[in-house]
Amino acid sequence: MIATVILISMHVIGLAMLLALYRLLRGPGVTDRILALDTLNINAIALLILDGMYLKSEIYFEAALVIAMLGFVGTVVLSKYVLRRDIVE
Amino acid sequence: MSLFTEIILSALLLVASFFALVGSIGLVKLSDFFKRLHAPTKATTMGVGSILVVSVFYHALVGNTFHPREILISVFLVITAPISAHMMAKAALSLRLKKRPQCPTDETPDPNEDDASQPQPDSDL
């Protein structure tokens with residue numbers, strides 16, 4: 001039963017990623033695009049964890065951790081660039 | 001894995017993916033950027049955190065190896081989501097403040113200068 005639920009959850013997360021992709025392509029401002037990229041990062045972590053559960057493997061944990069850290073750094077750097085037009089202070 | 005734990009984990013997984021979907025729907029449907037900022041930074045973070053908790057118990061019950069290290073991603077997301085939301089709000093606020101119209105400049109001259117520059121009609125009497 002839980003394998004079916006994992007598949008359903010993967011489809012729902014995929015739908016959420018498509019909605020975030022719509023905001024990324026459409027978004028009126030540059031900060032909307034940054035927010036959409038952040039949401040895509042978090043949803044990609046969820047999808048990787050669900051994939052690891054579906055395949056019963058634990059090697060996806062490190063990839064999810066790396067995506068979490070790089071996604072946070074990317075969001076902060078993009079916001080800093082919009083704020084100051086300068087990353088290295 | 002018994003049926004009871006399977007039902008609990010399935011329900012938690014469905015709730016988690018529902019919250020992630022709610023975050024993305026809020027990202028698309030809300031009207032202003034500062035309203036849109038609320039949905040993904042709160043709902044999606046909770047959804048991904050619940051999925052990670054399910055993953056810990058699923059791997060503990062299926063693979064018989066209890067690794068609570070996946071809580072690490074959840075804790076990291078909970079710590080970093082408000083920081084990134086704060087940075088994005090600051091960036092959007094600076095863009096909006098740049099677009100704000102300037103205050104109207106003071107065209108009327110100073111009343112003291114006005115008195116000084118006016119010709120005094122009673123001066124030559």
# chains A, B, ... in the order shown; residues from 1 in each chain; ligands from 1
>>> interface_residues(of="chain B", to="chain A", cutoff="8 Å", atoms="only C-alpha atoms", output="VMD selection string")
chain B and resid 6 to 7 9 to 10 13 to 14 17 to 18 20 to 21 23 to 25 27 to 28 33 37 40 to 41 44 to 45 48 51 to 52 55 58 to 59 62 to 63 70 73 76 to 77 80 to 81 84 87 to 88 90 to 92 94 to 95
>>> atom_distance(atom1="CA of His38 in chain B", atom2="CA of Ala85 in chain B")
8.4 Å
>>> atom_distance(atom1="CA of Gly49 in chain B", atom2="CA of Ala16 in chain B")
7.9 Å
>>> closest_residue(among="B:Val22, B:Ile8, B:Leu93, B:Ile79", to="Ala39 in chain B", atoms="only C-alpha atoms")
B:Val22
>>> select_by_dssp(residues="chain A", states="helix (DSSP H, G or I)", output="PyMOL selection string")
chain A and resi 2-26+30-54+60-84
>>> atom_distance(atom1="CA of Val75 in chain B", atom2="CA of Ala63 in chain A")
16.1 Å
